[in-house]
>>> print(open('start30.csv').read())   # CSV, C-alpha atoms and all ligand atoms
chain,number,residue,atom,x,y,z
V,1,MET,CA,-6.9,-7.9,-13.6
V,2,ARG,CA,-5.1,-11.1,-12.7
V,3,LYS,CA,-3.1,-11.5,-9.5
V,4,ASN,CA,0.1,-12.1,-11.4
V,5,GLN,CA,-0.2,-8.9,-13.4
V,6,ILE,CA,1.6,-5.7,-12.8
V,7,ILE,CA,0.2,-2.7,-14.8
V,8,VAL,CA,2.7,0.0,-15.6
V,9,VAL,CA,2.0,3.5,-16.8
V,10,TYR,CA,4.8,6.0,-17.8
V,11,GLY,CA,4.7,9.7,-17.9
V,12,ASP,CA,5.1,12.9,-15.8
V,13,ASN,CA,1.5,13.8,-15.0
V,14,PRO,CA,0.6,11.7,-11.9
V,15,GLN,CA,-3.1,12.5,-11.9
V,16,GLY,CA,-3.5,11.6,-15.6
V,17,MET,CA,-1.3,8.5,-15.1
V,18,VAL,CA,-3.3,7.1,-12.2
V,19,LYS,CA,-6.6,7.6,-14.1
V,20,THR,CA,-5.1,5.6,-17.0
V,21,LEU,CA,-4.2,2.9,-14.6
V,22,LEU,CA,-7.7,2.8,-13.0
V,23,GLN,CA,-9.4,2.8,-16.4
V,24,THR,CA,-7.3,-0.3,-17.2
V,25,ILE,CA,-7.9,-2.1,-13.9
V,26,LYS,CA,-11.6,-1.0,-13.4
V,27,PRO,CA,-11.6,-1.6,-9.6
V,28,GLU,CA,-15.2,-0.3,-9.4
V,29,GLU,CA,-16.5,-3.4,-11.1
V,30,GLN,CA,-15.6,-5.4,-7.9
V,31,LEU,CA,-17.3,-3.0,-5.5
V,32,PRO,CA,-20.8,-2.7,-4.3
V,33,ARG,CA,-22.4,0.8,-4.4
V,34,GLY,CA,-21.6,2.6,-1.1
V,35,ALA,CA,-18.4,0.7,-0.6
V,36,LYS,CA,-16.1,2.2,2.0
V,37,ILE,CA,-12.7,2.9,0.2
V,38,GLY,CA,-9.5,3.6,2.1
V,39,LEU,CA,-6.4,5.3,0.6
V,40,LYS,CA,-3.1,4.7,2.4
V,41,PRO,CA,-0.4,7.0,1.0
V,42,ASN,CA,3.1,7.2,2.4
V,43,LEU,CA,3.4,10.4,4.5
V,44,VAL,CA,6.2,9.2,6.7
V,45,ILE,CA,7.3,12.7,7.3
V,46,GLY,CA,6.2,16.2,6.4
V,47,LYS,CA,8.1,16.7,3.2
V,48,PRO,CA,6.8,17.3,-0.3
V,49,ALA,CA,6.7,14.5,-2.8
V,50,SER,CA,9.4,16.1,-4.8
V,51,SER,CA,11.9,15.2,-2.0
V,52,GLY,CA,11.4,11.5,-2.8
V,53,ALA,CA,9.9,10.8,0.6
V,54,THR,CA,6.1,11.0,0.2
V,55,THR,CA,3.3,10.0,-2.2
V,56,HIS,CA,2.4,12.7,-4.7
V,57,PRO,CA,-1.0,14.1,-3.7
V,58,GLU,CA,-1.9,14.3,-7.4
V,59,ILE,CA,-2.1,10.5,-7.5
V,60,VAL,CA,-4.5,10.5,-4.6
V,61,GLU,CA,-6.5,13.3,-6.3
V,62,GLY,CA,-6.7,11.2,-9.5
V,63,ILE,CA,-8.0,8.2,-7.5
V,64,ILE,CA,-10.6,10.3,-5.6
V,65,SER,CA,-12.0,12.0,-8.7
V,66,TYR,CA,-12.1,8.7,-10.6
V,67,PHE,CA,-14.1,7.0,-7.8
V,68,GLN,CA,-16.4,10.0,-7.2
V,69,ALA,CA,-17.2,10.1,-10.9
V,70,LYS,CA,-18.2,6.5,-10.7
V,71,GLY,CA,-20.6,7.2,-7.8
V,72,PHE,CA,-18.4,6.2,-4.9
V,73,HIS,CA,-18.4,8.9,-2.2
V,74,ASP,CA,-17.3,7.1,1.0
V,75,LEU,CA,-13.5,7.6,0.7
V,76,ARG,CA,-11.0,8.3,3.4
V,77,ILE,CA,-7.2,9.0,3.4
V,78,MET,CA,-5.5,7.2,6.2
V,79,GLU,CA,-2.0,7.6,7.5
V,80,GLY,CA,0.1,7.6,10.7
V,81,SER,CA,3.5,9.2,10.1
V,82,TRP,CA,6.7,7.8,11.7
V,83,VAL,CA,7.4,8.2,15.4
V,84,GLY,CA,8.6,11.8,15.9
V,85,GLU,CA,6.5,13.3,13.2
V,86,GLU,CA,3.0,14.7,13.7
V,87,THR,CA,0.7,13.2,11.1
V,88,GLU,CA,-1.4,16.5,11.0
V,89,ARG,CA,1.8,18.3,10.0
V,90,ALA,CA,2.5,15.8,7.3
V,91,PHE,CA,-1.1,16.1,6.0
V,92,GLN,CA,-0.6,19.9,5.8
V,93,VAL,CA,2.9,20.0,4.3
V,94,CYS,CA,2.3,17.3,1.8
V,95,GLY,CA,-0.9,18.9,0.4
V,96,TYR,CA,-3.4,16.4,1.8
V,97,ARG,CA,-5.4,18.8,4.0
V,98,GLU,CA,-6.2,21.0,1.0
V,99,LEU,CA,-7.0,17.9,-1.1
V,100,ALA,CA,-9.4,16.5,1.5
V,101,ALA,CA,-11.2,19.8,1.7
V,102,LYS,CA,-11.5,20.1,-2.1
V,103,TYR,CA,-13.1,16.7,-2.5
V,104,GLN,CA,-14.8,16.4,0.9
V,105,VAL,CA,-13.1,13.2,1.9
V,106,LYS,CA,-12.1,12.3,5.4
V,107,LEU,CA,-8.5,12.5,6.7
V,108,VAL,CA,-7.8,9.8,9.3
V,109,ASN,CA,-4.8,10.4,11.6
V,110,LEU,CA,-4.0,6.8,12.5
V,111,LYS,CA,-2.0,7.8,15.5
V,112,LYS,CA,-5.3,8.7,17.1
V,113,ASP,CA,-7.2,5.7,15.8
V,114,ASP,CA,-8.7,2.9,17.9
V,115,THR,CA,-6.6,-0.3,17.8
V,116,VAL,CA,-7.2,-4.0,17.8
V,117,LYS,CA,-4.9,-7.0,18.7
V,118,ARG,CA,-4.6,-9.6,16.0
V,119,GLN,CA,-2.7,-12.9,16.2
V,120,VAL,CA,-1.0,-14.5,13.2
V,121,GLY,CA,1.3,-17.5,13.7
V,122,ASP,CA,3.3,-17.0,16.9
V,123,ILE,CA,3.1,-13.2,16.8
V,124,SER,CA,0.5,-10.8,18.2
V,125,LEU,CA,0.3,-7.3,16.7
V,126,THR,CA,-1.7,-4.2,17.6
V,127,VAL,CA,-3.1,-2.6,14.5
V,128,CYS,CA,-5.2,0.5,13.8
V,129,SER,CA,-8.9,-0.2,13.4
V,130,SER,CA,-9.8,2.0,10.4
V,131,PRO,CA,-7.8,0.3,7.7
V,132,LEU,CA,-9.4,-3.0,8.8
V,133,GLU,CA,-12.9,-1.6,8.5
V,134,VAL,CA,-12.9,-0.4,4.9
V,135,ASP,CA,-14.3,-2.6,2.1
V,136,TYR,CA,-11.4,-1.7,-0.3
V,137,LEU,CA,-7.9,-0.7,0.8
V,138,ILE,CA,-5.6,1.0,-1.8
V,139,ASN,CA,-2.0,1.0,-0.7
V,140,LEU,CA,-0.1,3.9,-2.2
V,141,PRO,CA,3.6,3.5,-1.3
V,142,VAL,CA,6.6,5.3,-2.8
V,143,LEU,CA,9.3,3.3,-4.6
V,144,LYS,CA,12.3,4.1,-2.5
V,145,ALA,CA,15.2,2.6,-0.6
V,146,HIS,CA,15.3,2.2,3.1
V,147,CYS,CA,18.3,2.5,5.4
V,148,GLN,CA,17.5,-0.7,7.4
V,149,THR,CA,15.3,-2.9,5.2
V,150,GLU,CA,16.9,-1.8,1.8
V,151,LEU,CA,13.5,-1.3,0.2
V,152,THR,CA,10.3,0.3,1.4
V,153,CYS,CA,7.3,-0.2,-0.9
V,154,ALA,CA,4.0,-2.1,-0.6
V,155,LEU,CA,4.6,-4.3,2.5
V,156,LYS,CA,6.5,-1.8,4.6
V,157,ASN,CA,4.1,1.1,3.9
V,158,LEU,CA,1.5,-0.8,6.0
V,159,LYS,CA,3.6,0.1,9.1
V,160,GLY,CA,1.8,3.5,9.0
V,161,CYS,CA,-1.3,1.5,10.1
V,162,LEU,CA,0.2,0.9,13.6
V,163,PRO,CA,0.1,3.0,16.7
V,164,ASP,CA,3.5,4.6,17.6
V,165,SER,CA,4.1,2.1,20.5
V,166,GLU,CA,3.8,-0.8,18.0
V,167,LYS,CA,6.0,0.9,15.5
V,168,ARG,CA,8.7,1.1,18.2
V,169,ARG,CA,8.1,-2.6,19.0
V,170,PHE,CA,8.6,-3.5,15.4
V,171,HIS,CA,12.1,-2.2,15.6
V,172,ARG,CA,12.8,-4.2,18.7
V,173,LEU,CA,11.5,-7.3,16.8
V,174,GLY,CA,13.9,-6.7,14.0
V,175,LEU,CA,11.4,-5.3,11.5
V,176,HIS,CA,11.3,-8.1,8.9
V,177,LYS,CA,9.2,-10.7,10.8
V,178,PRO,CA,6.5,-8.2,12.0
V,179,ILE,CA,6.3,-6.5,8.6
V,180,ALA,CA,5.6,-9.8,6.9
V,181,HIS,CA,3.1,-10.8,9.6
V,182,LEU,CA,1.3,-7.4,9.4
V,183,SER,CA,0.7,-8.0,5.7
V,184,ALA,CA,-1.1,-11.2,6.6
V,185,ILE,CA,-3.3,-9.4,9.1
V,186,LEU,CA,-4.1,-6.3,7.0
V,187,PRO,CA,-5.0,-7.3,3.4
V,188,THR,CA,-4.8,-4.7,0.7
V,189,HIS,CA,-6.9,-5.0,-2.4
V,190,LEU,CA,-4.8,-2.9,-4.8
V,191,THR,CA,-1.4,-1.4,-4.6
V,192,ILE,CA,-0.5,1.6,-6.7
V,193,VAL,CA,3.2,2.5,-6.4
V,194,ASP,CA,4.4,6.1,-6.9
V,195,GLY,CA,7.5,5.7,-9.0
V,196,ILE,CA,7.7,9.3,-10.1
V,197,CYS,CA,10.8,10.1,-8.1
V,198,GLY,CA,11.3,7.9,-5.0
V,199,ASP,CA,14.5,8.1,-3.0
V,200,LEU,CA,17.8,6.6,-3.8
V,201,THR,CA,19.0,5.9,-0.2
V,202,PHE,CA,16.6,6.7,2.6
V,203,GLU,CA,12.9,6.6,3.4
V,204,GLU,CA,12.9,10.2,4.5
V,205,GLY,CA,13.9,11.6,1.1
V,206,GLY,CA,16.6,14.0,0.0
V,207,ASN,CA,17.9,12.0,-2.9
V,208,PRO,CA,15.0,11.8,-5.3
V,209,VAL,CA,15.6,9.8,-8.5
V,210,PRO,CA,13.3,10.4,-11.5
V,211,MET,CA,11.8,7.0,-12.5
V,212,GLY,CA,8.8,8.4,-14.5
V,213,ARG,CA,6.2,5.6,-13.8
V,214,LEU,CA,3.4,4.3,-11.7
V,215,PHE,CA,2.7,0.6,-11.4
V,216,ALA,CA,-0.1,-1.4,-9.8
V,217,GLY,CA,-1.1,-4.9,-8.8
V,218,GLN,CA,-3.2,-6.9,-6.5
V,219,ASP,CA,-0.3,-9.0,-5.0
V,220,PRO,CA,1.8,-6.9,-2.6
V,221,VAL,CA,4.5,-9.5,-2.4
V,222,LEU,CA,4.9,-9.6,-6.2
V,223,ILE,CA,4.8,-5.8,-6.3
V,224,ASP,CA,7.7,-5.6,-3.8
V,225,SER,CA,9.6,-8.3,-5.6
V,226,TYR,CA,9.3,-6.3,-8.8
V,227,ALA,CA,10.1,-3.0,-7.0
V,228,ALA,CA,13.3,-4.7,-5.7
V,229,SER,CA,14.4,-5.3,-9.3
V,230,LEU,CA,13.8,-1.6,-10.1
V,231,LEU,CA,16.2,-0.6,-7.3
V,232,ALA,CA,18.8,-3.2,-8.3
V,233,LEU,CA,18.1,-5.2,-5.1
V,234,ASP,CA,17.6,-9.0,-4.7
V,235,VAL,CA,14.6,-10.3,-3.0
V,236,GLU,CA,16.8,-12.4,-0.7
V,237,ASP,CA,18.3,-9.1,0.6
V,238,ILE,CA,14.9,-8.1,1.9
V,239,PRO,CA,13.8,-10.9,4.2
V,240,TYR,CA,10.3,-9.7,4.8
V,241,ILE,CA,9.3,-10.3,1.2
V,242,PRO,CA,9.9,-14.1,1.2
V,243,MET,CA,8.5,-14.3,4.8
V,244,ALA,CA,5.3,-12.7,3.5
V,245,ALA,CA,5.2,-15.2,0.7
V,246,GLU,CA,5.6,-18.1,3.2
V,247,LEU,CA,2.6,-16.7,5.0
V,248,GLY,CA,0.5,-17.0,1.8
V,249,VAL,CA,0.3,-13.3,1.2
V,250,GLY,CA,1.6,-13.5,-2.4
V,251,GLU,CA,4.3,-14.6,-4.8
V,252,THR,CA,7.9,-13.6,-5.1
V,253,SER,CA,8.5,-15.3,-8.5
V,254,LEU,CA,9.0,-12.8,-11.3
V,255,SER,CA,9.0,-15.5,-13.9
V,256,ALA,CA,5.3,-16.0,-13.5
V,257,MET,CA,4.6,-12.3,-13.5
V,258,GLU,CA,3.0,-10.6,-16.5
V,259,ILE,CA,4.0,-6.9,-17.0
V,260,VAL,CA,1.4,-4.9,-18.9
V,261,GLU,CA,2.7,-1.6,-20.2
V,262,VAL,CA,-0.3,0.6,-20.9
V,263,ASN,CA,1.5,3.4,-22.7
V,264,PRO,CA,5.0,2.4,-23.6
V,265,GLU,CA,5.1,5.3,-26.1
V,266,ALA,CA,4.9,7.7,-23.1
V,267,LYS,CA,8.6,7.1,-22.3
V,268,THR,CA,9.9,10.4,-23.5
V,269,PRO,CA,13.2,12.2,-22.9
V,270,GLY,CA,13.2,14.2,-19.6
V,271,THR,CA,15.4,16.8,-17.9
V,272,PHE,CA,16.9,15.7,-14.6
V,273,ARG,CA,17.4,17.7,-11.4
V,274,LEU,CA,19.5,15.5,-9.3
V,275,SER,CA,20.6,15.7,-5.6
V,276,ARG,CA,24.3,15.9,-4.9
V,277,GLN,CA,24.6,12.2,-4.3
V,278,ALA,CA,22.8,11.3,-7.5
V,279,GLN,CA,25.1,13.8,-9.4
V,280,SER,CA,28.1,12.0,-8.1
V,281,LEU,CA,26.8,8.9,-10.0
V,282,ALA,CA,25.7,10.9,-13.0
V,283,LYS,CA,29.4,11.6,-13.8
V,284,TYR,CA,29.6,8.0,-15.1
V,285,ILE,CA,26.8,8.7,-17.6
V,286,ASP,CA,26.8,10.1,-21.1
V,287,GLN,CA,23.1,10.8,-21.7
V,288,ARG,CA,21.4,12.1,-24.9
V,289,GLN,CA,17.7,12.5,-24.7
V,290,ALA,CA,17.3,9.7,-22.1
V,291,CYS,CA,13.9,8.9,-20.7
V,292,SER,CA,13.6,9.2,-16.9
V,293,ALA,CA,12.4,5.6,-16.7
V,294,CYS,CA,15.8,4.5,-18.2
V,295,TYR,CA,18.0,7.1,-16.6
V,296,GLY,CA,16.6,6.5,-13.1
V,297,SER,CA,17.3,2.7,-13.5
V,298,LEU,CA,20.9,3.4,-14.3
V,299,ILE,CA,21.4,5.7,-11.3
V,300,HIS,CA,20.0,3.0,-9.0
V,301,ALA,CA,22.2,0.4,-10.6
V,302,LEU,CA,25.3,2.5,-10.2
V,303,TYR,CA,24.5,3.2,-6.6
V,304,ARG,CA,24.4,-0.6,-5.9
V,305,LEU,CA,27.7,-1.1,-7.7
V,306,GLN,CA,29.1,1.7,-5.6
V,307,GLU,CA,27.7,0.0,-2.4
V,308,GLU,CA,29.4,-3.2,-3.5
V,309,GLY,CA,32.7,-1.3,-3.9
V,310,ILE,CA,33.2,-2.2,-7.5
V,311,LEU,CA,32.0,1.0,-9.3
V,312,GLY,CA,35.6,2.3,-9.3
V,313,ASN,CA,36.6,-0.7,-11.5
V,314,LEU,CA,34.5,0.6,-14.3
V,315,LYS,CA,36.7,1.7,-17.3
V,316,LEU,CA,34.7,3.7,-19.6
V,317,GLY,CA,37.0,6.1,-21.4
V,318,GLU,CA,36.2,9.8,-21.0
V,319,LYS,CA,32.5,9.8,-21.6
V,320,GLY,CA,30.8,7.2,-19.6
V,321,ILE,CA,27.8,4.8,-20.0
V,322,LYS,CA,25.7,5.8,-23.0
V,323,ILE,CA,22.0,6.1,-22.6
V,324,GLY,CA,19.1,7.8,-24.4
V,325,GLN,CA,17.2,8.1,-27.7
V,326,GLY,CA,20.1,10.3,-29.1
V,327,PHE,CA,22.1,7.1,-29.4
V,328,ARG,CA,19.7,5.3,-31.8
V,329,GLY,CA,21.8,4.0,-34.7
V,330,VAL,CA,25.1,5.1,-33.1
V,331,LYS,CA,27.7,2.4,-33.7
V,332,GLY,CA,31.1,1.9,-32.1
V,333,GLU,CA,32.9,1.1,-28.9
V,334,GLY,CA,31.3,1.7,-25.5
V,335,LEU,CA,28.7,0.4,-23.1
V,336,GLY,CA,25.1,1.5,-23.5
V,337,VAL,CA,21.9,1.0,-21.6
V,338,GLY,CA,18.6,0.4,-23.2
V,339,VAL,CA,17.4,-0.6,-26.7
V,340,CYS,CA,18.3,2.8,-28.0
V,341,THR,CA,22.0,1.9,-27.7
V,342,ARG,CA,21.8,-1.5,-29.3
V,343,SER,CA,24.1,-0.5,-32.2
V,344,LEU,CA,27.0,-0.1,-29.7
V,345,ASP,CA,29.4,-3.0,-29.1
V,346,LEU,CA,27.9,-3.6,-25.6
V,347,SER,CA,24.4,-2.7,-24.7
V,348,VAL,CA,22.0,-3.7,-21.9
V,349,PRO,CA,18.8,-4.7,-23.6
V,350,GLY,CA,15.4,-3.5,-22.5
V,351,CYS,CA,13.2,-0.4,-22.8
V,352,PRO,CA,13.8,0.4,-20.0
V,353,PRO,CA,15.9,-2.3,-18.5
V,354,SER,CA,15.5,-2.7,-14.8
V,355,ALA,CA,18.2,-1.5,-12.5
V,356,ARG,CA,18.9,-5.1,-11.5
V,357,GLU,CA,19.4,-6.1,-15.1
V,358,ILE,CA,21.8,-3.1,-15.6
V,359,ARG,CA,23.7,-4.0,-12.4
V,360,ASP,CA,24.1,-7.6,-13.3
V,361,PHE,CA,25.2,-6.8,-16.9
V,362,ILE,CA,27.8,-4.4,-15.7
V,363,SER,CA,29.1,-6.3,-12.7
V,364,LYS,CA,29.7,-9.4,-14.9
V,365,ARG,CA,32.2,-7.3,-16.9
V,366,LEU,CA,34.0,-5.7,-13.9
K,401,LIG,S1,15.7,2.4,-24.2
K,401,LIG,FE1,15.4,4.4,-25.2
K,401,LIG,S2,13.2,4.7,-25.5
K,401,LIG,FE2,13.5,3.0,-24.0
K,401,LIG,S3,13.4,4.0,-22.0
K,401,LIG,FE3,15.5,3.9,-22.6
K,401,LIG,S4,16.0,5.9,-23.5
K,401,LIG,FE4,13.7,5.6,-23.5
>>> encode(input="start30.csv", output="structure tokens", more="lines below")
Ligand code: SF4
Amino acid sequence: MRKNQIIVVYGDNPQGMVKTLLQTIKPEEQLPRGAKIGLKPNLVIGKPASSGATTHPEIVEGIISYFQAKGFHDLRIMEGSWVGEETERAFQVCGYRELAAKYQVKLVNLKKDDTVKRQVGDISLTVCSSPLEVDYLINLPVLKAHCQTELTCALKNLKGCLPDSEKRRFHRLGLHKPIAHLSAILPTHLTIVDGICGDLTFEEGGNPVPMGRLFAGQDPVLIDSYAASLLALDVEDIPYIPMAAELGVGETSLSAMEIVEVNPEAKTPGTFRLSRQAQSLAKYIDQRQACSACYGSLIHALYRLQEEGILGNLKLGEKGIKIGQGFRGVKGEGLGVGVCTRSLDLSVPGCPPSAREIRDFISKRL
């Protein structure tokens, strides 16, 4: 796998999807026998993954069983939930205690971990020791919005590797600068993003949006730049991403990025259970057999247009924006999203288009 590549897998079976990713990437080929492997999910709070807040345990299960089958047995799951949540409770509620017992892997509560001080540039940070001691660190963030930093994905998920006192100090330091510098102190070897149903608005869940995909890469800055496009955000709106690039952690340029879709045929029509907030956006949509990868992108795009205060300018007639395989070959007036709607007068290209592409296409016409 090259550093400019992002590998994408679609579907609705997280364990099978992550195994497909790993079979494509083959991380074991870089590792010596007996390598110590750390898995850092996002268990910010004790809520199940279906809430949009936390990493699906089936993803972690798929990774553990993949590595164990290859002869790697020194694996540990590491997390420190946010200030105000007991990590032990999050392990229990999110299904990780059961998972660790089933596969005999260690659960490390980073709130109780030893710490070390590290200096980078003009900033000194106190970081948990365990994530620094593994040979191979796999970061497993959720693709979701954040109420202060707009996005929380690869770079921000590392904040769980801090003691609570340092998490509080990050807020006093304005979050962006210390998040960027943390990524320079704590290298991750692989990031696998849980894009099954991350949250529309907040890091603590409650508004899950089906996105039907996992994606992986070696460059956490590129991963976050790509993730921003999937939530209809601009990299410039998330200062820690370009700051991390300036520190040499990775690249923000999507033009040099190579997207590898392992199973594009797995984008299949889904059924959508939406929160009340997402439902309020769904009234703008006329969907017929839409894939979650496409439908979720449209929900995120509409949310941004609503935030910008221009969604109300959308004049769509009575039915709304058309999306889904049921619109293949359908001609006529109207605005469609995705290649399935290309016979309409106006259609956002892509299969699926990113939320940012949809946002930009629509906002130019408002
Ligand atoms: S364009 Fe059609 S096939 Fe492609 S993701 Fe959208 S709905 Fe699915």
>>> residues_near_ligand(input="start30.csv", ligand="ligand LIG 401 (chain K)", cutoff="8 Å", atoms="only C-alpha atoms and all ligand atoms", output="ChimeraX atom specification")
/V:267-269,289-295,323-325,328,337-341,349-353
>>> residues_around(input="start30.csv", residues="Ala282 in chain V", least_positions_apart="4", cutoff="12 Å", atoms="all atoms listed in the file", output="ChimeraX atom specification")
/V:209,272-278,286-287,295-303,319-323
>>> write_last_selection(input="start30.csv", atoms="C-alpha atoms", output="CSV table (one decimal), in the coordinates of the input")
chain,number,residue,atom,x,y,z
V,209,VAL,CA,15.6,9.8,-8.5
V,272,PHE,CA,16.9,15.7,-14.6
V,273,ARG,CA,17.4,17.7,-11.4
V,274,LEU,CA,19.5,15.5,-9.3
V,275,SER,CA,20.6,15.7,-5.6
V,276,ARG,CA,24.3,15.9,-4.9
V,277,GLN,CA,24.6,12.2,-4.3
V,278,ALA,CA,22.8,11.3,-7.5
V,286,ASP,CA,26.8,10.1,-21.1
V,287,GLN,CA,23.1,10.8,-21.7
V,295,TYR,CA,18.0,7.1,-16.6
V,296,GLY,CA,16.6,6.5,-13.1
V,297,SER,CA,17.3,2.7,-13.5
V,298,LEU,CA,20.9,3.4,-14.3
V,299,ILE,CA,21.4,5.7,-11.3
V,300,HIS,CA,20.0,3.0,-9.0
V,301,ALA,CA,22.2,0.4,-10.6
V,302,LEU,CA,25.3,2.5,-10.2
V,303,TYR,CA,24.5,3.2,-6.6
V,319,LYS,CA,32.5,9.8,-21.6
V,320,GLY,CA,30.8,7.2,-19.6
V,321,ILE,CA,27.8,4.8,-20.0
V,322,LYS,CA,25.7,5.8,-23.0
V,323,ILE,CA,22.0,6.1,-22.6
>>> residues_around(input="start30.csv", residues="range 114-120 of chain V", least_positions_apart="4", cutoff="7 Å", atoms="only C-alpha atoms", output="list in words")
Ser124, Leu125, Thr126, Val127, Cys128, Ser129, His181 and Ile185 of chain V
>>> closest_residue(input="start30.csv", among="V:Asn313, V:Thr188, V:Gln30, V:Asn109", to="Arg97 in chain V", atoms="all atoms listed in the file")
V:Asn109
>>> atom_distance(input="start30.csv", atom1="CA of Cys153 in chain V", atom2="CA of Val193 in chain V")
7.4 Å
>>> closest_residue(input="start30.csv", among="V:Leu222, V:Ile362, V:Leu247, V:Leu335", to="Ile310 in chain V", atoms="all atoms listed in the file")
V:Ile362
>>> atom_distance(input="start30.csv", atom1="CA of Gln68 in chain V", atom2="CA of Glu261 in chain V")
25.9 Å
>>> closest_atom_pairs(input="start30.csv", of="range 54-89 of chain V", to="range 162-165 of chain V", cutoff="10 Å", atoms="all atoms listed in the file", output="CSV")
residue,atom,partner,partner_atom,distance
V:Glu79,CA,V:Leu162,CA,9.3
V:Gly80,CA,V:Leu162,CA,7.3
V:Ser81,CA,V:Asp164,CA,8.8
V:Trp82,CA,V:Asp164,CA,7.4
V:Val83,CA,V:Asp164,CA,5.7
V:Gly84,CA,V:Asp164,CA,9.0
>>> closest_residue(input="start30.csv", among="V:Lys70, V:Arg172, V:Lys19, V:Arg76", to="Ile138 in chain V", atoms="all atoms listed in the file")
V:Arg76
>>> atom_distance(input="start30.csv", atom1="CA of Gly212 in chain V", atom2="CA of Asn157 in chain V")
20.3 Å
>>> decode(input="start30.csv", residues="range 1-6 of chain V", atoms="all heavy atoms", output="PDB file, in the first residue's frame")
ATOM      1  N   MET V   1       0.844  -1.204   0.000  1.00  0.00           N
ATOM      2  CA  MET V   1       0.000   0.000   0.000  1.00  0.00           C
ATOM      3  C   MET V   1       0.879   1.253   0.000  1.00  0.00           C
ATOM      4  O   MET V   1       1.815   1.343   0.795  1.00  0.00           O
ATOM      5  CB  MET V   1      -0.857  -0.015   1.273  1.00  0.00           C
ATOM      6  CG  MET V   1      -1.737   1.181   1.416  1.00  0.00           C
ATOM      7  SD  MET V   1      -2.577   1.200   2.990  1.00  0.00           S
ATOM      8  CE  MET V   1      -3.894   2.291   2.556  1.00  0.00           C
ATOM      9  N   ARG V   2       0.543   2.207  -0.892  1.00  0.00           N
ATOM     10  CA  ARG V   2       1.305   3.458  -0.911  1.00  0.00           C
ATOM     11  C   ARG V   2       0.664   4.486   0.017  1.00  0.00           C
ATOM     12  O   ARG V   2      -0.534   4.431   0.280  1.00  0.00           O
ATOM     13  CB  ARG V   2       1.368   3.998  -2.347  1.00  0.00           C
ATOM     14  CG  ARG V   2       2.211   3.117  -3.268  1.00  0.00           C
ATOM     15  CD  ARG V   2       2.427   3.796  -4.605  1.00  0.00           C
ATOM     16  NE  ARG V   2       1.192   3.945  -5.346  1.00  0.00           N
ATOM     17  CZ  ARG V   2       0.644   2.997  -6.093  1.00  0.00           C
ATOM     18  NH1 ARG V   2       1.224   1.824  -6.197  1.00  0.00           N
ATOM     19  NH2 ARG V   2      -0.492   3.214  -6.730  1.00  0.00           N
ATOM     20  N   LYS V   3       1.492   5.462   0.430  1.00  0.00           N
ATOM     21  CA  LYS V   3       1.014   6.425   1.422  1.00  0.00           C
ATOM     22  C   LYS V   3      -0.087   7.330   0.865  1.00  0.00           C
ATOM     23  O   LYS V   3      -0.881   7.893   1.618  1.00  0.00           O
ATOM     24  CB  LYS V   3       2.202   7.260   1.930  1.00  0.00           C
ATOM     25  CG  LYS V   3       1.951   7.720   3.363  1.00  0.00           C
ATOM     26  CD  LYS V   3       3.116   8.414   4.004  1.00  0.00           C
ATOM     27  CE  LYS V   3       2.651   9.034   5.327  1.00  0.00           C
ATOM     28  NZ  LYS V   3       3.545  10.011   5.864  1.00  0.00           N
ATOM     29  N   ASN V   4      -0.137   7.491  -0.448  1.00  0.00           N
ATOM     30  CA  ASN V   4      -1.165   8.368  -1.029  1.00  0.00           C
ATOM     31  C   ASN V   4      -2.454   7.600  -1.350  1.00  0.00           C
ATOM     32  O   ASN V   4      -3.373   8.166  -1.932  1.00  0.00           O
ATOM     33  CB  ASN V   4      -0.648   9.046  -2.301  1.00  0.00           C
ATOM     34  CG  ASN V   4      -0.500   8.071  -3.461  1.00  0.00           C
ATOM     35  OD1 ASN V   4      -0.268   6.888  -3.233  1.00  0.00           O
ATOM     36  ND2 ASN V   4      -0.651   8.553  -4.664  1.00  0.00           N
ATOM     37  N   GLN V   5      -2.495   6.324  -0.986  1.00  0.00           N
ATOM     38  CA  GLN V   5      -3.690   5.529  -1.298  1.00  0.00           C
ATOM     39  C   GLN V   5      -4.678   5.523  -0.129  1.00  0.00           C
ATOM     40  O   GLN V   5      -4.272   5.502   1.040  1.00  0.00           O
ATOM     41  CB  GLN V   5      -3.296   4.074  -1.584  1.00  0.00           C
ATOM     42  CG  GLN V   5      -2.661   3.875  -2.944  1.00  0.00           C
ATOM     43  CD  GLN V   5      -2.363   2.415  -3.215  1.00  0.00           C
ATOM     44  OE1 GLN V   5      -1.933   1.678  -2.327  1.00  0.00           O
ATOM     45  NE2 GLN V   5      -2.568   2.001  -4.450  1.00  0.00           N
ATOM     46  N   ILE V   6      -5.949   5.523  -0.476  1.00  0.00           N
ATOM     47  CA  ILE V   6      -7.010   5.268   0.505  1.00  0.00           C
ATOM     48  C   ILE V   6      -7.832   4.106  -0.047  1.00  0.00           C
ATOM     49  O   ILE V   6      -8.296   4.142  -1.192  1.00  0.00           O
ATOM     50  CB  ILE V   6      -7.871   6.517   0.747  1.00  0.00           C
ATOM     51  CG1 ILE V   6      -7.017   7.571   1.476  1.00  0.00           C
ATOM     52  CG2 ILE V   6      -9.115   6.171   1.570  1.00  0.00           C
ATOM     53  CD1 ILE V   6      -7.739   8.813   1.887  1.00  0.00           C
TER      54      ILE V   6
END
